[in-house]
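Student: This is upload.pdb (PDB, C-alpha atoms, pLDDT in the B column).
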```
ATOM      1  CA  MET P   1      98.382 120.843  94.664  1.00 52.00           C
ATOM      2  CA  ALA P   2      98.491 124.066  96.641  1.00 52.00           C
ATOM      3  CA  LEU P   3      95.426 126.096  97.605  1.00 56.00           C
ATOM      4  CA  ILE P   4      96.217 129.820  97.570  1.00 51.00           C
ATOM      5  CA  LYS P   5      94.156 132.721  98.928  1.00 59.00           C
ATOM      6  CA  LEU P   6      94.892 135.992  97.181  1.00 54.00           C
ATOM      7  CA  GLY P   7      94.562 139.516  98.536  1.00 57.00           C
ATOM      8  CA  ILE P   8      96.766 142.487  97.701  1.00 53.00           C
ATOM      9  CA  ILE P   9      99.426 139.840  98.202  1.00 54.00           C
ATOM     10  CA  VAL P  10      99.065 136.138  99.013  1.00 56.00           C
ATOM     11  CA  THR P  11      97.255 135.992 102.352  1.00 58.00           C
ATOM     12  CA  ASP P  12      97.238 132.244 102.846  1.00 56.00           C
ATOM     13  CA  ILE P  13      98.567 129.140 101.121  1.00 57.00           C
ATOM     14  CA  ARG P  14      98.110 125.445 101.874  1.00 57.00           C
ATOM     15  CA  GLY P  15      99.437 122.432 100.051  1.00 60.00           C
ATOM     16  CA  ALA P  16     102.495 121.708  97.955  1.00 57.00           C
ATOM     17  CA  ILE P  17     104.305 123.591  95.221  1.00 61.00           C
ATOM     18  CA  GLY P  18     107.328 121.774  93.832  1.00 55.00           C
ATOM     19  CA  GLY P  19     109.339 120.499  96.783  1.00 54.00           C
ATOM     20  CA  VAL P  20     107.775 122.808  99.399  1.00 62.00           C
ATOM     21  CA  VAL P  21     104.700 122.178 101.557  1.00 54.00           C
ATOM     22  CA  PHE P  22     102.861 125.212 102.973  1.00 57.00           C
ATOM     23  CA  SER P  23     100.700 125.112 106.102  1.00 56.00           C
ATOM     24  CA  ARG P  24     100.088 127.015 109.329  1.00 53.00           C
ATOM     25  CA  ASN P  25     100.694 126.555 113.026  1.00 50.00           C
ATOM     26  CA  LYS P  26      99.833 128.721 116.035  1.00 47.00           C
ATOM     27  CA  SER P  27     102.660 131.113 115.131  1.00 48.00           C
ATOM     28  CA  GLY P  28     101.498 131.674 111.543  1.00 50.00           C
ATOM     29  CA  ALA P  29     102.392 130.435 108.082  1.00 55.00           C
ATOM     30  CA  ILE P  30     105.169 127.862 107.738  1.00 53.00           C
ATOM     31  CA  ALA P  31     106.902 126.115 104.848  1.00 58.00           C
ATOM     32  CA  ARG P  32     108.719 122.808 104.998  1.00 53.00           C
ATOM     33  CA  LYS P  33     110.456 120.482 102.603  1.00 55.00           C
ATOM     34  CA  ARG P  34     108.147 118.010 100.952  1.00 54.00           C
ATOM     35  CA  THR P  35     108.882 114.396 101.840  1.00 52.00           C
ATOM     36  CA  THR P  36     108.056 111.381  99.705  1.00 51.00           C
ATOM     37  CA  PRO P  37     106.680 108.259 101.404  1.00 50.00           C
ATOM     38  CA  PHE P  38     109.397 105.642 101.763  1.00 49.00           C
ATOM     39  CA  ASN P  39     107.215 102.945 100.223  1.00 54.00           C
ATOM     40  CA  PRO P  40     104.367 104.335  98.108  1.00 53.00           C
ATOM     41  CA  LYS P  41     103.157 100.766  97.481  1.00 59.00           C
ATOM     42  CA  SER P  42     102.888  99.584 101.077  1.00 68.00           C
ATOM     43  CA  VAL P  43     100.100  97.188 102.053  1.00 73.00           C
ATOM     44  CA  LEU P  44      98.178  99.967 103.807  1.00 75.00           C
ATOM     45  CA  GLN P  45      98.488 102.376 100.885  1.00 80.00           C
ATOM     46  CA  GLU P  46      97.417  99.715  98.426  1.00 84.00           C
ATOM     47  CA  ALA P  47      94.425  98.943 100.649  1.00 86.00           C
ATOM     48  CA  ILE P  48      93.191 102.548 100.678  1.00 86.00           C
ATOM     49  CA  ARG P  49      93.697 102.779  96.911  1.00 90.00           C
ATOM     50  CA  ALA P  50      91.581  99.646  96.537  1.00 94.00           C
ATOM     51  CA  ILE P  51      88.845 101.215  98.686  1.00 95.00           C
ATOM     52  CA  MET P  52      88.950 104.396  96.626  1.00 95.00           C
ATOM     53  CA  SER P  53      88.741 102.433  93.373  1.00 96.00           C
ATOM     54  CA  PHE P  54      85.809 100.418  94.701  1.00 96.00           C
ATOM     55  CA  VAL P  55      83.893 103.518  95.810  1.00 97.00           C
ATOM     56  CA  VAL P  56      84.468 105.362  92.527  1.00 97.00           C
ATOM     57  CA  GLN P  57      83.258 102.363  90.557  1.00 97.00           C
ATOM     58  CA  LEU P  58      80.295 101.996  92.908  1.00 97.00           C
ATOM     59  CA  TYR P  59      79.208 105.551  92.135  1.00 97.00           C
ATOM     60  CA  LYS P  60      79.523 104.942  88.396  1.00 97.00           C
ATOM     61  CA  THR P  61      77.707 101.616  88.165  1.00 96.00           C
ATOM     62  CA  GLY P  62      76.046 100.888  91.513  1.00 96.00           C
ATOM     63  CA  LEU P  63      73.888 103.968  92.014  1.00 97.00           C
ATOM     64  CA  THR P  64      70.619 104.794  90.340  1.00 98.00           C
ATOM     65  CA  SER P  65      70.017 108.221  88.835  1.00 98.00           C
ATOM     66  CA  ALA P  66      67.695 108.956  91.756  1.00 98.00           C
ATOM     67  CA  GLN P  67      70.404 108.097  94.293  1.00 98.00           C
ATOM     68  CA  LYS P  68      72.941 110.302  92.499  1.00 98.00           C
ATOM     69  CA  ALA P  69      70.381 113.116  92.584  1.00 98.00           C
ATOM     70  CA  GLU P  70      69.968 112.616  96.354  1.00 98.00           C
ATOM     71  CA  TRP P  71      73.717 113.015  96.871  1.00 98.00           C
ATOM     72  CA  ALA P  72      73.681 116.143  94.685  1.00 97.00           C
ATOM     73  CA  VAL P  73      70.885 117.656  96.784  1.00 98.00           C
ATOM     74  CA  PHE P  74      72.743 116.770  99.995  1.00 97.00           C
ATOM     75  CA  ALA P  75      75.937 118.361  98.665  1.00 96.00           C
ATOM     76  CA  LYS P  76      74.161 121.545  97.609  1.00 96.00           C
ATOM     77  CA  ASN P  77      72.644 121.960 101.062  1.00 96.00           C
ATOM     78  CA  THR P  78      75.675 120.958 103.137  1.00 94.00           C
ATOM     79  CA  ASP P  79      78.802 122.997 103.820  1.00 89.00           C
ATOM     80  CA  ALA P  80      82.304 121.532 103.667  1.00 85.00           C
ATOM     81  CA  LYS P  81      85.711 122.968 104.549  1.00 80.00           C
ATOM     82  CA  ASN P  82      88.806 123.248 102.377  1.00 75.00           C
ATOM     83  CA  LYS P  83      92.426 123.225 103.563  1.00 72.00           C
ATOM     84  CA  LEU P  84      92.192 126.935 104.388  1.00 71.00           C
ATOM     85  CA  GLY P  85      89.249 126.295 106.679  1.00 73.00           C
ATOM     86  CA  GLU P  86      86.937 128.133 104.300  1.00 81.00           C
ATOM     87  CA  THR P  87      83.356 127.016 103.757  1.00 82.00           C
ATOM     88  CA  ILE P  88      82.814 125.464 100.334  1.00 84.00           C
ATOM     89  CA  LYS P  89      80.341 123.205  98.544  1.00 89.00           C
ATOM     90  CA  LEU P  90      81.364 119.804  97.227  1.00 92.00           C
ATOM     91  CA  SER P  91      79.717 117.976  94.359  1.00 95.00           C
ATOM     92  CA  GLY P  92      77.378 115.083  95.017  1.00 96.00           C
ATOM     93  CA  TYR P  93      80.028 112.734  93.640  1.00 97.00           C
ATOM     94  CA  ASN P  94      82.657 114.082  96.035  1.00 96.00           C
ATOM     95  CA  GLN P  95      80.323 113.828  99.015  1.00 96.00           C
ATOM     96  CA  PHE P  96      79.505 110.234  98.104  1.00 98.00           C
ATOM     97  CA  VAL P  97      83.175 109.300  97.752  1.00 97.00           C
ATOM     98  CA  LYS P  98      84.158 111.108 100.966  1.00 95.00           C
ATOM     99  CA  SER P  99      81.503 109.339 103.041  1.00 97.00           C
ATOM    100  CA  ASN P 100      81.890 105.908 101.515  1.00 97.00           C
ATOM    101  CA  VAL P 101      85.689 105.809 101.662  1.00 96.00           C
ATOM    102  CA  ALA P 102      85.413 106.556 105.399  1.00 96.00           C
ATOM    103  CA  ALA P 103      82.686 103.924 105.828  1.00 96.00           C
ATOM    104  CA  LYS P 104      84.579 101.185 103.963  1.00 96.00           C
ATOM    105  CA  ASN P 105      87.811 102.044 105.778  1.00 92.00           C
ATOM    106  CA  ALA P 106      85.946 101.427 109.041  1.00 93.00           C
ATOM    107  CA  GLY P 107      84.429  98.172 107.807  1.00 94.00           C
ATOM    108  CA  LEU P 108      80.930  99.642 107.569  1.00 95.00           C
ATOM    109  CA  PRO P 109      78.600  98.864 104.650  1.00 94.00           C
ATOM    110  CA  GLU P 110      78.486 101.168 101.645  1.00 95.00           C
ATOM    111  CA  ILE P 111      75.898 103.966 101.758  1.00 97.00           C
ATOM    112  CA  LEU P 112      73.952 104.270  98.527  1.00 98.00           C
ATOM    113  CA  ASP P 113      71.114 106.649  99.381  1.00 98.00           C
ATOM    114  CA  GLY P 114      72.037 110.295  99.850  1.00 98.00           C
ATOM    115  CA  PRO P 115      71.395 111.669 103.366  1.00 98.00           C
ATOM    116  CA  ALA P 116      68.057 113.416 103.791  1.00 97.00           C
ATOM    117  CA  THR P 117      69.337 115.498 106.727  1.00 97.00           C
ATOM    118  CA  PHE P 118      71.613 118.390 105.824  1.00 96.00           C
ATOM    119  CA  ILE P 119      73.358 118.935 109.181  1.00 93.00           C
ATOM    120  CA  LEU P 120      76.717 117.213 109.667  1.00 93.00           C
ATOM    121  CA  PRO P 121      77.624 115.533 112.959  1.00 95.00           C
ATOM    122  CA  GLY P 122      79.393 118.115 115.083  1.00 91.00           C
ATOM    123  CA  GLU P 123      82.912 117.755 116.377  1.00 95.00           C
ATOM    124  CA  ASP P 124      83.391 116.308 119.857  1.00 97.00           C
ATOM    125  CA  PRO P 125      85.217 118.927 121.970  1.00 96.00           C
ATOM    126  CA  THR P 126      85.683 116.422 124.801  1.00 97.00           C
ATOM    127  CA  LEU P 127      87.950 114.167 122.739  1.00 98.00           C
ATOM    128  CA  SER P 128      91.181 113.332 124.530  1.00 98.00           C
ATOM    129  CA  VAL P 129      93.675 110.556 123.939  1.00 98.00           C
ATOM    130  CA  SER P 130      96.327 109.132 126.237  1.00 98.00           C
ATOM    131  CA  VAL P 131      99.127 106.983 124.842  1.00 98.00           C
ATOM    132  CA  SER P 132     101.098 104.159 126.461  1.00 98.00           C
ATOM    133  CA  GLU P 133     104.480 102.880 125.325  1.00 98.00           C
ATOM    134  CA  ALA P 134     104.127  99.733 127.450  1.00 98.00           C
ATOM    135  CA  SER P 135     100.847  98.610 125.905  1.00 98.00           C
ATOM    136  CA  GLN P 136     101.229 100.422 122.564  1.00 98.00           C
ATOM    137  CA  THR P 137      97.656 101.633 122.873  1.00 98.00           C
ATOM    138  CA  LEU P 138      95.560 104.760 122.556  1.00 98.00           C
ATOM    139  CA  GLN P 139      92.984 105.319 125.278  1.00 98.00           C
ATOM    140  CA  VAL P 140      90.260 107.424 123.686  1.00 98.00           C
ATOM    141  CA  THR P 141      87.929 109.479 125.859  1.00 98.00           C
ATOM    142  CA  PHE P 142      84.859 110.906 124.130  1.00 98.00           C
ATOM    143  CA  ASP P 143      81.331 112.106 124.834  1.00 98.00           C
ATOM    144  CA  ASP P 144      79.398 108.859 125.122  1.00 98.00           C
ATOM    145  CA  THR P 145      76.083 110.700 125.384  1.00 97.00           C
ATOM    146  CA  ARG P 146      76.165 111.748 121.731  1.00 97.00           C
ATOM    147  CA  ASP P 147      73.499 110.290 119.445  1.00 96.00           C
ATOM    148  CA  TRP P 148      75.940 108.313 117.269  1.00 97.00           C
ATOM    149  CA  VAL P 149      76.913 105.954 120.100  1.00 98.00           C
ATOM    150  CA  ASP P 150      73.569 104.140 120.111  1.00 97.00           C
ATOM    151  CA  GLU P 151      73.013 104.077 116.348  1.00 98.00           C
ATOM    152  CA  ASN P 152      73.959 100.962 114.401  1.00 97.00           C
ATOM    153  CA  GLY P 153      76.055 101.773 111.342  1.00 96.00           C
ATOM    154  CA  SER P 154      77.580 104.874 112.902  1.00 97.00           C
ATOM    155  CA  GLY P 155      80.951 105.327 114.556  1.00 98.00           C
ATOM    156  CA  MET P 156      83.947 107.468 115.451  1.00 98.00           C
ATOM    157  CA  LEU P 157      86.956 106.849 113.220  1.00 98.00           C
ATOM    158  CA  ILE P 158      90.314 107.349 114.936  1.00 98.00           C
ATOM    159  CA  TYR P 159      93.512 108.240 113.067  1.00 97.00           C
ATOM    160  CA  MET P 160      97.007 108.602 114.513  1.00 98.00           C
ATOM    161  CA  GLY P 161      99.841 110.689 113.156  1.00 97.00           C
ATOM    162  CA  ILE P 162     103.374 109.389 112.904  1.00 96.00           C
ATOM    163  CA  PRO P 163     105.033 110.162 116.289  1.00 97.00           C
ATOM    164  CA  GLN P 164     106.745 113.547 116.572  1.00 97.00           C
ATOM    165  CA  ASP P 165     109.356 115.216 118.757  1.00 96.00           C
ATOM    166  CA  ASP P 166     107.905 117.074 121.734  1.00 94.00           C
ATOM    167  CA  SER P 167     109.001 120.396 120.179  1.00 94.00           C
ATOM    168  CA  ILE P 168     106.593 120.028 117.231  1.00 93.00           C
ATOM    169  CA  ASP P 169     103.481 122.196 117.589  1.00 91.00           C
ATOM    170  CA  PHE P 170     101.764 121.604 114.245  1.00 89.00           C
ATOM    171  CA  PHE P 171     101.037 118.396 112.399  1.00 91.00           C
ATOM    172  CA  ASN P 172      99.149 117.754 109.171  1.00 85.00           C
ATOM    173  CA  GLY P 173     100.120 114.201 108.268  1.00 86.00           C
ATOM    174  CA  PRO P 174     100.886 111.554 107.412  1.00 88.00           C
ATOM    175  CA  TRP P 175      97.944 110.015 109.269  1.00 93.00           C
ATOM    176  CA  ARG P 176      97.213 106.317 109.645  1.00 95.00           C
ATOM    177  CA  TYR P 177      93.803 104.846 110.357  1.00 95.00           C
ATOM    178  CA  ALA P 178      93.812 103.214 113.789  1.00 97.00           C
ATOM    179  CA  ASP P 179      90.316 101.853 114.408  1.00 97.00           C
ATOM    180  CA  VAL P 180      86.640 102.734 114.686  1.00 98.00           C
ATOM    181  CA  ILE P 181      84.495 102.943 117.807  1.00 98.00           C
ATOM    182  CA  LEU P 182      81.185 101.597 116.568  1.00 98.00           C
ATOM    183  CA  GLY P 183      77.770 102.772 117.622  1.00 98.00           C
ATOM    184  CA  ASP P 184      75.419 100.088 118.905  1.00 98.00           C
ATOM    185  CA  ASP P 185      71.735 100.420 119.727  1.00 97.00           C
ATOM    186  CA  THR P 186      71.899  97.516 122.189  1.00 98.00           C
ATOM    187  CA  THR P 187      75.240  98.028 123.939  1.00 97.00           C
ATOM    188  CA  PRO P 188      76.536 101.534 123.150  1.00 98.00           C
ATOM    189  CA  PRO P 189      80.269 102.127 123.607  1.00 98.00           C
ATOM    190  CA  THR P 190      81.343 103.910 126.768  1.00 98.00           C
ATOM    191  CA  ALA P 191      84.387 106.087 127.288  1.00 98.00           C
ATOM    192  CA  PRO P 192      87.231 105.458 127.441  1.00 98.00           C
ATOM    193  CA  GLU P 193      87.857 102.942 124.669  1.00 98.00           C
ATOM    194  CA  THR P 194      91.306 101.409 124.134  1.00 98.00           C
ATOM    195  CA  ILE P 195      92.645 100.720 120.647  1.00 97.00           C
ATOM    196  CA  ALA P 196      96.025  99.643 119.299  1.00 98.00           C
ATOM    197  CA  CYS P 197      98.522 102.224 118.040  1.00 98.00           C
ATOM    198  CA  PRO P 198      99.041 101.910 114.269  1.00 96.00           C
ATOM    199  CA  PHE P 199     102.562 103.368 114.685  1.00 97.00           C
ATOM    200  CA  PRO P 200     105.078 102.243 117.352  1.00 98.00           C
ATOM    201  CA  VAL P 201     105.347 104.819 120.140  1.00 98.00           C
ATOM    202  CA  VAL P 202     108.038 105.656 122.684  1.00 98.00           C
ATOM    203  CA  GLU P 203     107.607 107.514 125.958  1.00 98.00           C
ATOM    204  CA  GLY P 204     108.031 111.272 125.538  1.00 98.00           C
ATOM    205  CA  GLN P 205     106.981 111.453 121.888  1.00 98.00           C
ATOM    206  CA  LYS P 206     104.202 113.842 120.914  1.00 98.00           C
ATOM    207  CA  ILE P 207     101.251 112.005 119.450  1.00 98.00           C
ATOM    208  CA  PHE P 208      98.658 113.740 117.293  1.00 98.00           C
ATOM    209  CA  THR P 209      95.347 111.979 116.807  1.00 97.00           C
ATOM    210  CA  LYS P 210      92.267 113.017 114.867  1.00 97.00           C
ATOM    211  CA  ALA P 211      88.738 111.695 114.711  1.00 98.00           C
ATOM    212  CA  ARG P 212      85.674 111.878 112.489  1.00 97.00           C
ATOM    213  CA  ILE P 213      82.135 110.889 113.332  1.00 98.00           C
ATOM    214  CA  ILE P 214      80.151 109.088 110.647  1.00 98.00           C
ATOM    215  CA  LYS P 215      76.410 108.562 110.894  1.00 98.00           C
ATOM    216  CA  ALA P 216      74.578 105.573 109.465  1.00 97.00           C
ATOM    217  CA  ASP P 217      73.111 107.729 106.694  1.00 97.00           C
ATOM    218  CA  GLY P 218      76.601 108.756 105.517  1.00 97.00           C
ATOM    219  CA  ARG P 219      76.941 112.183 107.088  1.00 97.00           C
ATOM    220  CA  LEU P 220      80.586 112.677 108.045  1.00 96.00           C
ATOM    221  CA  SER P 221      81.883 115.265 110.485  1.00 95.00           C
ATOM    222  CA  ASP P 222      84.896 117.497 109.988  1.00 92.00           C
ATOM    223  CA  ASP P 223      88.145 116.323 111.577  1.00 93.00           C
ATOM    224  CA  PHE P 224      88.851 117.146 115.217  1.00 94.00           C
ATOM    225  CA  GLN P 225      92.135 116.536 116.993  1.00 95.00           C
ATOM    226  CA  SER P 226      93.767 115.657 120.274  1.00 97.00           C
ATOM    227  CA  ILE P 227      97.443 115.935 121.239  1.00 97.00           C
ATOM    228  CA  ALA P 228      99.207 113.881 123.910  1.00 97.00           C
ATOM    229  CA  ILE P 229     102.693 113.020 125.131  1.00 98.00           C
ATOM    230  CA  ALA P 230     103.228 109.274 125.188  1.00 98.00           C
ATOM    231  CA  GLY P 231     103.577 107.830 128.676  1.00 98.00           C
ATOM    232  CA  ALA P 232     105.622 104.896 129.886  1.00 96.00           C
TER     233      ALA P 232
END
```
Can you dump the structure from the file as structure tokens?
Tutor:
Amino acid sequence: MALIKLGIIVTDIRGAIGGVVFSRNKSGAIARKRTTPFNPKSVLQEAIRAIMSFVVQLYKTGLTSAQKAEWAVFAKNTDAKNKLGETIKLSGYNQFVKSNVAAKNAGLPEILDGPATFILPGEDPTLSVSVSEASQTLQVTFDDTRDWVDENGSGMLIYMGIPQDDSIDFFNGPWRYADVILGDDTTPPTAPETIACPFPVVEGQKIFTKARIIKADGRLSDDFQSIAIAGA
């Protein structure tokens, strides 16, 4: 589904219409042919569908009315961003699903109570990722003084994009979950952390990675990205 911003004429458009996907890069608006995943029933895709199904059912039957009300209050008081980068409000249901899908994907326990704090974790501007063909790893450098690093149940989720040619300047998927750097109140993680590449990489390819910080109470940051050229 495309998201369109109207002015005197269309001023911005993101998403898909028919066989065309609209997005933006540093040069402006772009359109590209829509591609269909080669195997829409891969093990990884089935796994994320199972997580989504679990979380939706959890909201329906696993939450009390009071807990649903907490998520509604959190959603009303917390800004989110759409594909155009505009500030919007999500429903309590959508906030619950968004946070819990991320938590379950990272192997963290489900979060039933709505967050009582209405400020999302900020992005980490220090994020940088180096990539090695020899070891097929991502070396993730991050700010290890942030409060999430010494909080149990929190973490930084890392996603990697399918490798691109060096000429590509904009990337918006497909992404694949790579791993989570978990917070720990006894032995906090320190930068850099090394994790396995979820896609095979070759020297010279451009690698886009993105991260999200999740707090133990379910607050989930917006995405933030790093770009690297894979080394030998």
Student: For this file, the PyMOL selection byres ((chain P and resi 69) around 12) selects which residues, as a compact mmCIF listing (two decimals) with C-alpha atoms, in the coordinates of the input?
Tutor:
```
# COMPACT_ATOMS: atom_id res chain seq x y z
CA TYR P 59 79.21 105.55 92.14
CA LEU P 63 73.89 103.97 92.01
CA THR P 64 70.62 104.79 90.34
CA SER P 65 70.02 108.22 88.84
CA ALA P 66 67.69 108.96 91.76
CA GLN P 67 70.40 108.10 94.29
CA LYS P 68 72.94 110.30 92.50
CA GLU P 70 69.97 112.62 96.35
CA TRP P 71 73.72 113.02 96.87
CA ALA P 72 73.68 116.14 94.68
CA VAL P 73 70.89 117.66 96.78
CA PHE P 74 72.74 116.77 100.00
CA ALA P 75 75.94 118.36 98.66
CA LYS P 76 74.16 121.54 97.61
CA SER P 91 79.72 117.98 94.36
CA GLY P 92 77.38 115.08 95.02
CA TYR P 93 80.03 112.73 93.64
CA GLN P 95 80.32 113.83 99.02
CA PHE P 96 79.50 110.23 98.10
CA LEU P 112 73.95 104.27 98.53
CA ASP P 113 71.11 106.65 99.38
CA GLY P 114 72.04 110.30 99.85
CA PRO P 115 71.40 111.67 103.37
CA ALA P 116 68.06 113.42 103.79
```
Student: If the PyMOL selection byres ((chain P and resi 153) around 8) is run on the structure shown, which residues does it catch, given as a PDB file with C-alpha atoms, keeping the file's coordinate frame?
Tutor:
```pdb
ATOM      1  CA  LEU P 108      80.930  99.642 107.569  1.00 95.00           C
ATOM      2  CA  PRO P 109      78.600  98.864 104.650  1.00 94.00           C
ATOM      3  CA  GLU P 151      73.013 104.077 116.348  1.00 98.00           C
ATOM      4  CA  ASN P 152      73.959 100.962 114.401  1.00 97.00           C
ATOM      5  CA  SER P 154      77.580 104.874 112.902  1.00 97.00           C
ATOM      6  CA  GLY P 155      80.951 105.327 114.556  1.00 98.00           C
ATOM      7  CA  LEU P 182      81.185 101.597 116.568  1.00 98.00           C
ATOM      8  CA  GLY P 183      77.770 102.772 117.622  1.00 98.00           C
ATOM      9  CA  ASP P 184      75.419 100.088 118.905  1.00 98.00           C
ATOM     10  CA  LYS P 215      76.410 108.562 110.894  1.00 98.00           C
ATOM     11  CA  ALA P 216      74.578 105.573 109.465  1.00 97.00           C
TER      12      ALA P 216
END
```
Student: Might you pull out every residue within 10 Å of Ser99 in chain P, with all atoms listed in the file counted and same-chain residues fewer than 4 positions away left off, and present them as a list in words?
Tutor: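 In the requested form, the answer reads Val55, Asn94, Gln95, Ala103, Lys104, Glu110, Ile111, Ile214, Lys215, Asp217, Gly218, Arg219, Leu220 and Ser221 of chain P.
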Student: Calculate how many Å separate CA of Gly62 in chain P from CA of Ala211 in chain P, rounding to one decimal.
Tutor: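 According to the coordinates, CA of Gly62 in chain P and CA of Ala211 in chain P are separated by 28.6 Å.
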Student: Report, in Å to a single decimal, how far apart CA of Ala50 in chain P and CA of Gln139 in chain P are.
Tutor: 29.3 Å
Student: I need the residue nearest Phe118 in chain P from this list: P:Ala228, P:Ala191, P:Ile168, P:Ala80. Use all atoms listed in the file for the distance.
Tutor: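 Nearest candidate to Phe118 in chain P out of P:Ala228, P:Ala191, P:Ile168, P:Ala80: P:Ala80.
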Student: With a distance cut-off of 10 Å and all atoms listed in the file, select the neighbouring residues of Thr145 in chain P, excluding the residue or stretch itself and same-chain residues fewer than 4 positions from it, and output the selection as a list in words.
Tutor: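 What passes the distance filter is Val149, Asp150, Pro188, Pro189, Thr190 and Ala191 of chain P.
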Student: For this file, the PyMOL selection byres ((chain P and resi 173) around 9) selects which residues, as a list in words?
Tutor: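 When the PyMOL selection byres ((chain P and resi 173) around 9) is applied to the shown file, the picked residues are Met160, Gly161, Ile162, Phe171, Asn172, Pro174, Trp175 and Arg176 of chain P.
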Student: Please determine, counting all atoms listed in the file, which residue among P:Gln45, P:Gln164, P:Thr194, P:Thr209 has the shortest atom-to-atom distance to Phe224 in chain P.
Tutor: P:Thr209
Student: Restricting the calculation to only C-alpha atoms, which member of P:Tyr177, P:Phe142, P:Tyr159, P:Trp148 is positioned closest to Pro192 in chain P?
Tutor: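 So, comparing all the options, the nearest one is P:Phe142.
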Student: Which one of P:Asn82, P:Asn77, P:Asn105, P:Ser130 sits closest to Ile51 in chain P if you count all atoms listed in the file?
Tutor: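 Ranking P:Asn82, P:Asn77, P:Asn105, P:Ser130 by distance to Ile51 in chain P, first place goes to P:Asn105.
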Student: Per residue of range 132-182 of chain P within 6 Å of range 196-208 of chain P, record the nearest atom pair and its distance in Å to one decimal, counting only C-alpha atoms, with rows in chain order and ascending residue number, as a tab-separated table.
Tutor:
```
residue	atom	partner	partner_atom	distance
P:Glu133	CA	P:Val202	CA	5.2
P:Gln136	CA	P:Cys197	CA	5.6
P:Thr137	CA	P:Ala196	CA	4.4
P:Leu138	CA	P:Cys197	CA	6.0
P:Gly161	CA	P:Phe208	CA	5.3
P:Pro163	CA	P:Ile207	CA	5.3
P:Gln164	CA	P:Lys206	CA	5.0
P:Asp165	CA	P:Gln205	CA	5.4
P:Asp166	CA	P:Lys206	CA	5.0
P:Ala178	CA	P:Pro198	CA	5.4
```
Student: Would you compute the distance between CA of Ile88 in chain P and CA of Asp223 in chain P? Give it in Å to one decimal.
Tutor: 15.4 Å
Student: For Gly231 in chain P, which of P:Ser132, P:Thr78, P:Thr117, P:Ser53 is the closest residue, counting all atoms listed in the file?
Tutor: P:Ser132
Student: Given the choices P:Ile181, P:Met156, P:Val43, P:Leu58, which gets closest to Pro121 in chain P if the distance is worked out from only C-alpha atoms?
Tutor: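 Using only C-alpha atoms, the shortest distance to Pro121 in chain P belongs to P:Met156.
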Student: Regenerate range 197-208 of chain P at the level of N, CA and C atoms and dump it as an mmCIF file, in the coordinates of the input.
Tutor:
```cif
data_model
loop_
_atom_site.group_PDB
_atom_site.id
_atom_site.type_symbol
_atom_site.label_atom_id
_atom_site.label_comp_id
_atom_site.auth_asym_id
_atom_site.auth_seq_id
_atom_site.Cartn_x
_atom_site.Cartn_y
_atom_site.Cartn_z
ATOM 1 N N CYS P 197 97.825 101.185 118.809
ATOM 2 C CA CYS P 197 98.522 102.224 118.040
ATOM 3 C C CYS P 197 98.903 101.670 116.667
ATOM 4 N N PRO P 198 98.619 102.382 115.594
ATOM 5 C CA PRO P 198 99.041 101.910 114.269
ATOM 6 C C PRO P 198 100.503 102.220 113.966
ATOM 7 N N PHE P 199 101.125 103.104 114.760
ATOM 8 C CA PHE P 199 102.562 103.368 114.685
ATOM 9 C C PHE P 199 103.177 102.964 116.022
ATOM 10 N N PRO P 200 104.423 102.483 116.065
ATOM 11 C CA PRO P 200 105.078 102.243 117.352
ATOM 12 C C PRO P 200 105.355 103.569 118.058
ATOM 13 N N VAL P 201 105.159 103.591 119.372
ATOM 14 C CA VAL P 201 105.347 104.819 120.140
ATOM 15 C C VAL P 201 106.354 104.586 121.255
ATOM 16 N N VAL P 202 107.043 105.676 121.621
ATOM 17 C CA VAL P 202 108.038 105.656 122.684
ATOM 18 C C VAL P 202 107.698 106.776 123.661
ATOM 19 N N GLU P 203 107.889 106.522 124.924
ATOM 20 C CA GLU P 203 107.607 107.514 125.958
ATOM 21 C C GLU P 203 108.269 108.861 125.613
ATOM 22 N N GLY P 204 107.520 109.928 125.781
ATOM 23 C CA GLY P 204 108.031 111.272 125.538
ATOM 24 C C GLY P 204 107.730 111.818 124.157
ATOM 25 N N GLN P 205 107.337 110.964 123.223
ATOM 26 C CA GLN P 205 106.981 111.453 121.888
ATOM 27 C C GLN P 205 105.636 112.181 121.933
ATOM 28 N N LYS P 206 105.486 113.147 121.040
ATOM 29 C CA LYS P 206 104.202 113.842 120.914
ATOM 30 C C LYS P 206 103.363 113.103 119.892
ATOM 31 N N ILE P 207 102.139 112.794 120.288
ATOM 32 C CA ILE P 207 101.251 112.005 119.450
ATOM 33 C C ILE P 207 100.016 112.847 119.086
ATOM 34 N N PHE P 208 99.840 113.049 117.803
ATOM 35 C CA PHE P 208 98.658 113.740 117.293
ATOM 36 C C PHE P 208 97.644 112.691 116.850
#
```
